[in-house]
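This is model.pdb (PDB, C-alpha atoms and all ligand atoms).
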ATOM      1  CA  MET A   1      -3.927 -16.870 -35.834  1.00  0.00           C
ATOM      2  CA  THR A   2      -1.329 -16.344 -33.149  1.00  0.00           C
ATOM      3  CA  GLU A   3      -1.451 -15.806 -29.413  1.00  0.00           C
ATOM      4  CA  GLN A   4      -0.848 -12.127 -30.033  1.00  0.00           C
ATOM      5  CA  ASP A   5      -4.270 -11.763 -31.665  1.00  0.00           C
ATOM      6  CA  SER A   6      -6.747 -10.213 -29.284  1.00  0.00           C
ATOM      7  CA  SER A   7      -9.464 -12.793 -29.853  1.00  0.00           C
ATOM      8  CA  TRP A   8      -7.188 -15.705 -28.844  1.00  0.00           C
ATOM      9  CA  ASN A   9      -8.844 -17.410 -25.872  1.00  0.00           C
ATOM     10  CA  MET A  10      -8.494 -20.310 -23.457  1.00  0.00           C
ATOM     11  CA  TRP A  11      -9.992 -22.729 -25.980  1.00  0.00           C
ATOM     12  CA  ASP A  12      -7.495 -21.632 -28.623  1.00  0.00           C
ATOM     13  CA  ASP A  13      -4.770 -22.625 -26.157  1.00  0.00           C
ATOM     14  CA  ARG A  14      -6.404 -25.995 -25.599  1.00  0.00           C
ATOM     15  CA  TYR A  15      -6.879 -26.647 -29.316  1.00  0.00           C
ATOM     16  CA  ASP A  16      -3.424 -25.433 -30.319  1.00  0.00           C
ATOM     17  CA  ARG A  17      -1.971 -28.908 -30.805  1.00  0.00           C
ATOM     18  CA  GLU A  18      -1.434 -31.330 -33.665  1.00  0.00           C
ATOM     19  CA  ASP A  19      -4.107 -33.855 -32.709  1.00  0.00           C
ATOM     20  CA  TYR A  20      -7.775 -33.231 -31.979  1.00  0.00           C
ATOM     21  CA  LEU A  21      -8.470 -32.580 -28.297  1.00  0.00           C
ATOM     22  CA  PHE A  22     -11.788 -34.476 -28.363  1.00  0.00           C
ATOM     23  CA  GLY A  23     -10.843 -36.714 -31.278  1.00  0.00           C
ATOM     24  CA  THR A  24     -12.328 -36.634 -34.755  1.00  0.00           C
ATOM     25  CA  ALA A  25     -15.192 -39.094 -34.211  1.00  0.00           C
ATOM     26  CA  PRO A  26     -18.565 -37.613 -33.260  1.00  0.00           C
ATOM     27  CA  ALA A  27     -19.905 -37.857 -29.729  1.00  0.00           C
ATOM     28  CA  GLU A  28     -21.752 -41.161 -29.305  1.00  0.00           C
ATOM     29  CA  PHE A  29     -24.936 -39.168 -28.648  1.00  0.00           C
ATOM     30  CA  VAL A  30     -24.629 -37.492 -32.065  1.00  0.00           C
ATOM     31  CA  ARG A  31     -23.861 -40.749 -33.830  1.00  0.00           C
ATOM     32  CA  THR A  32     -26.938 -42.342 -32.251  1.00  0.00           C
ATOM     33  CA  HIS A  33     -29.471 -39.562 -32.665  1.00  0.00           C
ATOM     34  CA  ALA A  34     -28.471 -37.825 -35.917  1.00  0.00           C
ATOM     35  CA  GLN A  35     -30.733 -40.251 -37.749  1.00  0.00           C
ATOM     36  CA  ARG A  36     -33.720 -38.414 -36.260  1.00  0.00           C
ATOM     37  CA  ILE A  37     -32.890 -35.363 -38.416  1.00  0.00           C
ATOM     38  CA  PRO A  38     -34.315 -35.680 -41.938  1.00  0.00           C
ATOM     39  CA  SER A  39     -31.816 -35.507 -44.790  1.00  0.00           C
ATOM     40  CA  GLY A  40     -31.312 -31.994 -46.167  1.00  0.00           C
ATOM     41  CA  SER A  41     -32.334 -30.309 -42.905  1.00  0.00           C
ATOM     42  CA  ARG A  42     -30.690 -27.030 -41.910  1.00  0.00           C
ATOM     43  CA  VAL A  43     -28.713 -27.793 -38.756  1.00  0.00           C
ATOM     44  CA  LEU A  44     -26.805 -25.479 -36.430  1.00  0.00           C
ATOM     45  CA  ALA A  45     -23.963 -27.140 -34.506  1.00  0.00           C
ATOM     46  CA  VAL A  46     -23.502 -24.898 -31.476  1.00  0.00           C
ATOM     47  CA  ALA A  47     -20.011 -24.309 -30.013  1.00  0.00           C
ATOM     48  CA  ASP A  48     -18.782 -27.047 -32.302  1.00  0.00           C
ATOM     49  CA  GLY A  49     -15.054 -26.700 -31.504  1.00  0.00           C
ATOM     50  CA  GLU A  50     -12.768 -28.706 -33.769  1.00  0.00           C
ATOM     51  CA  GLY A  51     -15.662 -29.944 -35.891  1.00  0.00           C
ATOM     52  CA  ARG A  52     -16.055 -33.610 -34.976  1.00  0.00           C
ATOM     53  CA  ASN A  53     -19.850 -33.348 -34.723  1.00  0.00           C
ATOM     54  CA  SER A  54     -20.571 -30.927 -37.572  1.00  0.00           C
ATOM     55  CA  VAL A  55     -18.441 -32.894 -40.036  1.00  0.00           C
ATOM     56  CA  PHE A  56     -20.224 -36.121 -39.133  1.00  0.00           C
ATOM     57  CA  LEU A  57     -23.626 -34.411 -39.514  1.00  0.00           C
ATOM     58  CA  ALA A  58     -22.711 -32.984 -42.910  1.00  0.00           C
ATOM     59  CA  ARG A  59     -21.596 -36.450 -44.012  1.00  0.00           C
ATOM     60  CA  GLN A  60     -25.131 -37.657 -43.178  1.00  0.00           C
ATOM     61  CA  GLY A  61     -26.562 -35.358 -45.856  1.00  0.00           C
ATOM     62  CA  LEU A  62     -27.478 -32.470 -43.579  1.00  0.00           C
ATOM     63  CA  ASN A  63     -27.037 -28.800 -44.411  1.00  0.00           C
ATOM     64  CA  VAL A  64     -24.796 -27.788 -41.499  1.00  0.00           C
ATOM     65  CA  THR A  65     -23.696 -24.458 -40.089  1.00  0.00           C
ATOM     66  CA  ALA A  66     -21.232 -24.687 -37.194  1.00  0.00           C
ATOM     67  CA  MET A  67     -20.328 -21.846 -34.859  1.00  0.00           C
ATOM     68  CA  ASP A  68     -17.632 -21.424 -32.204  1.00  0.00           C
ATOM     69  CA  ASN A  69     -15.535 -18.626 -30.784  1.00  0.00           C
ATOM     70  CA  SER A  70     -12.198 -20.420 -31.049  1.00  0.00           C
ATOM     71  CA  ARG A  71     -10.419 -19.458 -34.247  1.00  0.00           C
ATOM     72  CA  ARG A  72      -7.905 -22.263 -33.738  1.00  0.00           C
ATOM     73  CA  GLY A  73     -10.784 -24.718 -33.273  1.00  0.00           C
ATOM     74  CA  LEU A  74     -12.441 -23.471 -36.455  1.00  0.00           C
ATOM     75  CA  GLU A  75      -9.194 -23.762 -38.384  1.00  0.00           C
ATOM     76  CA  LYS A  76      -8.904 -27.407 -37.354  1.00  0.00           C
ATOM     77  CA  ALA A  77     -12.597 -27.986 -38.031  1.00  0.00           C
ATOM     78  CA  ARG A  78     -12.163 -26.669 -41.574  1.00  0.00           C
ATOM     79  CA  ALA A  79      -9.242 -29.031 -42.100  1.00  0.00           C
ATOM     80  CA  LEU A  80     -11.288 -31.952 -40.781  1.00  0.00           C
ATOM     81  CA  ALA A  81     -14.149 -31.081 -43.133  1.00  0.00           C
ATOM     82  CA  GLU A  82     -11.803 -30.834 -46.075  1.00  0.00           C
ATOM     83  CA  ASP A  83     -10.268 -34.245 -45.334  1.00  0.00           C
ATOM     84  CA  ALA A  84     -13.735 -35.767 -45.073  1.00  0.00           C
ATOM     85  CA  ALA A  85     -15.011 -33.931 -48.187  1.00  0.00           C
ATOM     86  CA  ALA A  86     -17.780 -32.543 -45.993  1.00  0.00           C
ATOM     87  CA  ASN A  87     -19.442 -29.220 -46.675  1.00  0.00           C
ATOM     88  CA  VAL A  88     -19.921 -27.236 -43.450  1.00  0.00           C
ATOM     89  CA  ASP A  89     -20.528 -23.507 -43.191  1.00  0.00           C
ATOM     90  CA  PHE A  90     -18.167 -22.596 -40.327  1.00  0.00           C
ATOM     91  CA  LYS A  91     -18.820 -19.308 -38.550  1.00  0.00           C
ATOM     92  CA  TYR A  92     -16.793 -17.528 -35.915  1.00  0.00           C
ATOM     93  CA  GLY A  93     -19.064 -16.092 -33.239  1.00  0.00           C
ATOM     94  CA  ASP A  94     -19.536 -15.620 -29.536  1.00  0.00           C
ATOM     95  CA  ILE A  95     -22.607 -17.375 -28.268  1.00  0.00           C
ATOM     96  CA  SER A  96     -23.489 -14.469 -25.980  1.00  0.00           C
ATOM     97  CA  ASP A  97     -24.153 -12.192 -28.954  1.00  0.00           C
ATOM     98  CA  TRP A  98     -25.182 -14.742 -31.547  1.00  0.00           C
ATOM     99  CA  ASP A  99     -28.131 -13.585 -33.670  1.00  0.00           C
ATOM    100  CA  TRP A 100     -30.502 -16.482 -33.063  1.00  0.00           C
ATOM    101  CA  ALA A 101     -33.259 -14.869 -35.120  1.00  0.00           C
ATOM    102  CA  ALA A 102     -31.118 -14.508 -38.253  1.00  0.00           C
ATOM    103  CA  LYS A 103     -32.132 -17.838 -39.736  1.00  0.00           C
ATOM    104  CA  PRO A 104     -34.551 -20.603 -38.720  1.00  0.00           C
ATOM    105  CA  TYR A 105     -33.062 -24.077 -38.277  1.00  0.00           C
ATOM    106  CA  ASP A 106     -34.678 -27.493 -38.562  1.00  0.00           C
ATOM    107  CA  ALA A 107     -32.383 -28.817 -35.845  1.00  0.00           C
ATOM    108  CA  LEU A 108     -29.889 -27.592 -33.262  1.00  0.00           C
ATOM    109  CA  VAL A 109     -27.118 -29.836 -31.985  1.00  0.00           C
ATOM    110  CA  ALA A 110     -25.333 -28.734 -28.817  1.00  0.00           C
ATOM    111  CA  VAL A 111     -22.750 -31.016 -27.226  1.00  0.00           C
ATOM    112  CA  PHE A 112     -20.786 -30.192 -24.073  1.00  0.00           C
ATOM    113  CA  ILE A 113     -21.482 -26.472 -23.967  1.00  0.00           C
ATOM    114  CA  GLN A 114     -21.242 -26.323 -20.195  1.00  0.00           C
ATOM    115  CA  PHE A 115     -18.850 -23.417 -20.225  1.00  0.00           C
ATOM    116  CA  ALA A 116     -22.130 -21.494 -19.760  1.00  0.00           C
ATOM    117  CA  ASP A 117     -23.060 -20.514 -16.221  1.00  0.00           C
ATOM    118  CA  PRO A 118     -26.775 -20.431 -15.328  1.00  0.00           C
ATOM    119  CA  ALA A 119     -27.278 -16.827 -16.509  1.00  0.00           C
ATOM    120  CA  LEU A 120     -25.647 -17.412 -19.892  1.00  0.00           C
ATOM    121  CA  ARG A 121     -27.347 -20.787 -20.174  1.00  0.00           C
ATOM    122  CA  THR A 122     -30.744 -19.108 -19.766  1.00  0.00           C
ATOM    123  CA  GLU A 123     -29.871 -16.728 -22.609  1.00  0.00           C
ATOM    124  CA  ILE A 124     -28.604 -19.559 -24.800  1.00  0.00           C
ATOM    125  CA  PHE A 125     -31.659 -21.733 -24.251  1.00  0.00           C
ATOM    126  CA  ARG A 126     -33.896 -18.763 -25.069  1.00  0.00           C
ATOM    127  CA  GLY A 127     -31.845 -18.386 -28.236  1.00  0.00           C
ATOM    128  CA  PHE A 128     -32.342 -22.047 -29.099  1.00  0.00           C
ATOM    129  CA  ASP A 129     -36.090 -21.594 -28.932  1.00  0.00           C
ATOM    130  CA  ILE A 130     -35.852 -18.571 -31.232  1.00  0.00           C
ATOM    131  CA  ALA A 131     -33.578 -20.306 -33.736  1.00  0.00           C
ATOM    132  CA  LEU A 132     -35.631 -23.482 -34.061  1.00  0.00           C
ATOM    133  CA  ARG A 133     -38.508 -23.486 -36.513  1.00  0.00           C
ATOM    134  CA  PRO A 134     -41.825 -24.861 -35.206  1.00  0.00           C
ATOM    135  CA  GLY A 135     -41.485 -28.649 -35.264  1.00  0.00           C
ATOM    136  CA  GLY A 136     -37.677 -28.364 -35.236  1.00  0.00           C
ATOM    137  CA  LEU A 137     -35.502 -30.692 -33.194  1.00  0.00           C
ATOM    138  CA  LEU A 138     -33.269 -29.863 -30.267  1.00  0.00           C
ATOM    139  CA  LEU A 139     -30.466 -32.348 -29.611  1.00  0.00           C
ATOM    140  CA  LEU A 140     -28.684 -31.454 -26.390  1.00  0.00           C
ATOM    141  CA  HIS A 141     -25.989 -33.520 -24.699  1.00  0.00           C
ATOM    142  CA  GLY A 142     -23.994 -32.655 -21.629  1.00  0.00           C
ATOM    143  CA  PHE A 143     -22.956 -33.544 -18.127  1.00  0.00           C
ATOM    144  CA  ALA A 144     -25.059 -34.220 -15.040  1.00  0.00           C
ATOM    145  CA  PRO A 145     -24.048 -32.501 -11.748  1.00  0.00           C
ATOM    146  CA  ARG A 146     -22.282 -35.640 -10.408  1.00  0.00           C
ATOM    147  CA  GLN A 147     -19.740 -35.242 -13.228  1.00  0.00           C
ATOM    148  CA  VAL A 148     -17.946 -32.716 -11.031  1.00  0.00           C
ATOM    149  CA  GLU A 149     -17.103 -35.563  -8.599  1.00  0.00           C
ATOM    150  CA  TYR A 150     -16.116 -37.890 -11.452  1.00  0.00           C
ATOM    151  CA  GLY A 151     -13.657 -35.331 -12.798  1.00  0.00           C
ATOM    152  CA  THR A 152     -13.340 -36.942 -16.224  1.00  0.00           C
ATOM    153  CA  GLY A 153     -14.093 -33.823 -18.272  1.00  0.00           C
ATOM    154  CA  GLY A 154     -16.053 -30.593 -18.176  1.00  0.00           C
ATOM    155  CA  PRO A 155     -15.781 -27.601 -15.853  1.00  0.00           C
ATOM    156  CA  PRO A 156     -15.794 -28.054 -12.070  1.00  0.00           C
ATOM    157  CA  HIS A 157     -19.096 -26.202 -11.636  1.00  0.00           C
ATOM    158  CA  ARG A 158     -22.179 -28.175 -10.586  1.00  0.00           C
ATOM    159  CA  GLU A 159     -24.403 -25.209 -11.410  1.00  0.00           C
ATOM    160  CA  ASN A 160     -23.388 -25.401 -15.097  1.00  0.00           C
ATOM    161  CA  MET A 161     -24.592 -29.001 -15.378  1.00  0.00           C
ATOM    162  CA  TYR A 162     -28.016 -30.264 -16.485  1.00  0.00           C
ATOM    163  CA  THR A 163     -30.782 -32.284 -14.943  1.00  0.00           C
ATOM    164  CA  LEU A 164     -33.660 -33.682 -16.955  1.00  0.00           C
ATOM    165  CA  ASP A 165     -36.185 -31.841 -14.769  1.00  0.00           C
ATOM    166  CA  MET A 166     -34.435 -28.557 -15.476  1.00  0.00           C
ATOM    167  CA  LEU A 167     -34.436 -29.168 -19.233  1.00  0.00           C
ATOM    168  CA  GLU A 168     -38.098 -30.181 -19.305  1.00  0.00           C
ATOM    169  CA  GLU A 169     -39.011 -27.028 -17.368  1.00  0.00           C
ATOM    170  CA  THR A 170     -36.874 -24.876 -19.681  1.00  0.00           C
ATOM    171  CA  PHE A 171     -38.515 -26.150 -22.853  1.00  0.00           C
ATOM    172  CA  PRO A 172     -42.216 -26.311 -21.938  1.00  0.00           C
ATOM    173  CA  GLY A 173     -44.480 -27.710 -24.631  1.00  0.00           C
ATOM    174  CA  TYR A 174     -41.613 -29.474 -26.387  1.00  0.00           C
ATOM    175  CA  ARG A 175     -42.328 -33.136 -27.151  1.00  0.00           C
ATOM    176  CA  VAL A 176     -39.530 -35.119 -25.544  1.00  0.00           C
ATOM    177  CA  LEU A 177     -38.431 -37.850 -27.947  1.00  0.00           C
ATOM    178  CA  HIS A 178     -35.560 -39.125 -25.846  1.00  0.00           C
ATOM    179  CA  SER A 179     -34.190 -38.215 -22.456  1.00  0.00           C
ATOM    180  CA  ALA A 180     -31.648 -40.066 -20.377  1.00  0.00           C
ATOM    181  CA  ASP A 181     -29.472 -39.557 -17.304  1.00  0.00           C
ATOM    182  CA  TYR A 182     -26.753 -42.221 -17.230  1.00  0.00           C
ATOM    183  CA  ASP A 183     -23.113 -43.065 -16.748  1.00  0.00           C
ATOM    184  CA  ALA A 184     -20.995 -44.115 -19.716  1.00  0.00           C
ATOM    185  CA  ASP A 185     -17.417 -44.207 -20.880  1.00  0.00           C
ATOM    186  CA  GLN A 186     -16.918 -40.891 -22.613  1.00  0.00           C
ATOM    187  CA  THR A 187     -13.318 -41.276 -23.686  1.00  0.00           C
ATOM    188  CA  SER A 188     -12.686 -39.117 -26.760  1.00  0.00           C
ATOM    189  CA  GLY A 189      -9.296 -37.639 -27.518  1.00  0.00           C
ATOM    190  CA  GLU A 190      -7.419 -36.413 -24.470  1.00  0.00           C
ATOM    191  CA  GLY A 191     -10.200 -33.997 -23.578  1.00  0.00           C
ATOM    192  CA  HIS A 192     -12.557 -36.581 -22.103  1.00  0.00           C
ATOM    193  CA  SER A 193     -11.311 -39.751 -20.499  1.00  0.00           C
ATOM    194  CA  GLY A 194     -13.235 -42.307 -18.484  1.00  0.00           C
ATOM    195  CA  VAL A 195     -16.741 -42.744 -17.163  1.00  0.00           C
ATOM    196  CA  ALA A 196     -18.887 -39.608 -17.141  1.00  0.00           C
ATOM    197  CA  GLY A 197     -22.305 -38.666 -15.762  1.00  0.00           C
ATOM    198  CA  LEU A 198     -24.265 -37.739 -18.881  1.00  0.00           C
ATOM    199  CA  ILE A 199     -27.560 -36.191 -19.899  1.00  0.00           C
ATOM    200  CA  ASP A 200     -29.280 -36.634 -23.272  1.00  0.00           C
ATOM    201  CA  PHE A 201     -32.234 -34.524 -24.308  1.00  0.00           C
ATOM    202  CA  VAL A 202     -33.896 -34.731 -27.707  1.00  0.00           C
ATOM    203  CA  ALA A 203     -37.104 -32.756 -28.089  1.00  0.00           C
ATOM    204  CA  GLU A 204     -39.339 -31.327 -30.785  1.00  0.00           C
ATOM    205  CA  LYS A 205     -40.439 -27.717 -30.664  1.00  0.00           C
ATOM    206  CA  PRO A 206     -44.227 -27.386 -30.675  1.00  0.00           C
ATOM    207  CA  GLY A 207     -46.172 -25.989 -33.603  1.00  0.00           C
ATOM    208  CA  GLY A 208     -44.754 -28.071 -36.438  1.00  0.00           C
TER     209      GLY A 208
HETATM  210  C1  LIG B 301     -16.112 -28.762 -24.361  1.00  0.00           C
HETATM  211  S1  LIG B 301     -15.870 -27.941 -25.904  1.00  0.00           S
HETATM  212  C2  LIG B 301     -17.030 -28.834 -26.906  1.00  0.00           C
HETATM  213  C3  LIG B 301     -16.764 -28.720 -28.370  1.00  0.00           C
HETATM  214  C4  LIG B 301     -17.674 -29.555 -29.261  1.00  0.00           C
HETATM  215  N1  LIG B 301     -19.068 -29.244 -29.044  1.00  0.00           N
HETATM  216  C5  LIG B 301     -17.417 -31.019 -29.093  1.00  0.00           C
HETATM  217  O1  LIG B 301     -18.266 -31.733 -28.561  1.00  0.00           O
HETATM  218  O2  LIG B 301     -16.342 -31.471 -29.507  1.00  0.00           O
HETATM  219  C6  LIG B 301     -16.676 -26.375 -25.655  1.00  0.00           C
HETATM  220  C7  LIG B 301     -16.637 -25.459 -26.849  1.00  0.00           C
HETATM  221  O3  LIG B 301     -17.318 -24.251 -26.552  1.00  0.00           O
HETATM  222  C8  LIG B 301     -16.656 -23.184 -27.209  1.00  0.00           C
HETATM  223  N2  LIG B 301     -17.023 -21.933 -26.524  1.00  0.00           N
HETATM  224  C9  LIG B 301     -16.717 -21.567 -25.262  1.00  0.00           C
HETATM  225  N3  LIG B 301     -17.225 -20.356 -24.988  1.00  0.00           N
HETATM  226  C10 LIG B 301     -17.869 -19.951 -26.120  1.00  0.00           C
HETATM  227  C11 LIG B 301     -18.566 -18.785 -26.474  1.00  0.00           C
HETATM  228  N4  LIG B 301     -18.732 -17.764 -25.591  1.00  0.00           N
HETATM  229  N5  LIG B 301     -19.095 -18.687 -27.718  1.00  0.00           N
HETATM  230  C12 LIG B 301     -18.933 -19.696 -28.607  1.00  0.00           C
HETATM  231  N6  LIG B 301     -18.270 -20.839 -28.337  1.00  0.00           N
HETATM  232  C13 LIG B 301     -17.739 -20.965 -27.102  1.00  0.00           C
HETATM  233  C14 LIG B 301     -15.193 -23.536 -27.091  1.00  0.00           C
HETATM  234  O4  LIG B 301     -14.396 -22.856 -28.033  1.00  0.00           O
HETATM  235  C15 LIG B 301     -15.242 -25.042 -27.294  1.00  0.00           C
HETATM  236  O5  LIG B 301     -15.063 -25.356 -28.662  1.00  0.00           O
END
Go ahead and render the structure in this file as structure tokens.
Ligand SMILES: C[S@@+](CC[C@H](N)C(=O)[O-])C[C@H]1O[C@@H](n2cnc3c(N)ncnc32)[C@H](O)[C@@H]1O
Amino acid sequence: MTEQDSSWNMWDDRYDREDYLFGTAPAEFVRTHAQRIPSGSRVLAVADGEGRNSVFLARQGLNVTAMDNSRRGLEKARALAEDAAANVDFKYGDISDWDWAAKPYDALVAVFIQFADPALRTEIFRGFDIALRPGGLLLLHGFAPRQVEYGTGGPPHRENMYTLDMLEETFPGYRVLHSADYDADQTSGEGHSGVAGLIDFVAEKPGG
């Protein structure tokens, strides 16, 4: 993959470096809550970037598919998986035309996908509901609106951020297993450094 290729994007530029922009360790949220997903579950890691979360999940005995639209990110994710002897099914895809109905998942893991503005976010969250089987788990982690003032990672757009009220309204009927709005040190690689305003949301789709 080179910059001349037409699908090269801003994230390819950011990932085009020797080290891992967000490090190779999973997000603390993923490390803490992955245990909620039963072993062998089919998991989709959404916009997984350089693979730090999907590789960790696969190492926990989960059957992981990871998607992203950065080819450079996917290349590094594949290398990370190989080094860790982790089996992840990496797929190139743009989230705005992802076929959410193609396969039901037992769990979706989405971490820092706040590139999505409110219109795209609505589409994505609708897709999550389609992709999750009844009783499946949604694990969503991102920034709260105050993160824009903190400036320690994420886009400078308050409207792309989450509140717990907004998430509960978006996923009506879901049983919330864990939700939190808090500040914590989010240093990981060079991509995130310092204290961040964070949102956790773990919820079970009804009907299981
Ligand atoms: C802040 S990074 C987070 C990466 C990863 N989830 C993590 O926590 O390390 C955002 C990711 O979204 C991906 N992304 C941005 N726009 C996308 C799109 N339209 N479709 C799929 N992935 C996208 C980027 O390539 C990047 O890997």
Chain and number of each residue from the PyMOL selection byres (((not hetatm)) within 6 of (chain B and resi 301)), as a PyMOL selection string: chain A and resi 11+22+47-49+52+68-70+93-96+111-113+115
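The two atoms in question, atom CA of A:Leu74 and atom CA of A:Arg42, are spaced 19.4 Å apart.
When only C-alpha atoms are used to measure the gap to A:Pro134, the shortest distance among A:Leu167, A:Val30, A:Ala203, A:Met161 belongs to A:Ala203.
The residues caught by the PyMOL selection byres (((chain A and resi 177-191) around 8) and not hetatm) in this file are Tyr20, Leu21, Phe22, Gly23, Thr24, Ala25, Ala27, Ala144, Gly153, Thr163, Leu164, Arg175, Val176, His192, Ser193, Gly194, Val195, Ala196, Gly197, Leu198, Ile199, Asp200, Phe201, Val202, Ala203 and Glu204 of chain A.
Nearest to A:Gly73 of all the residues A:Ala34, A:Ala102, A:Leu120, A:Met10 is A:Met10, based on all atoms listed in the file.
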Box centre and edge lengths (Å, one decimal), axis-aligned, stretch 182-199 of chain A plus 6 Å each side, as JSON:
{"center_x": -17.5, "center_y": -39.1, "center_z": -21.6, "size_x": 32.1, "size_y": 22.2, "size_z": 23.8}
Residues matched by the PyMOL selection byres (((chain A and resi 121) around 12) and not hetatm), written as number ranges by chain: A: 95-96, 110, 113-120, 122-128, 159-162, 166-167, 170
Straight-line distance linking atom CA of A:Arg36 with atom CA of A:Gly61, stated in Å to one decimal: 12.4 Å
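Across the model, the gap from atom CA of A:Tyr174 to atom CA of A:Pro206 is 5.4 Å.
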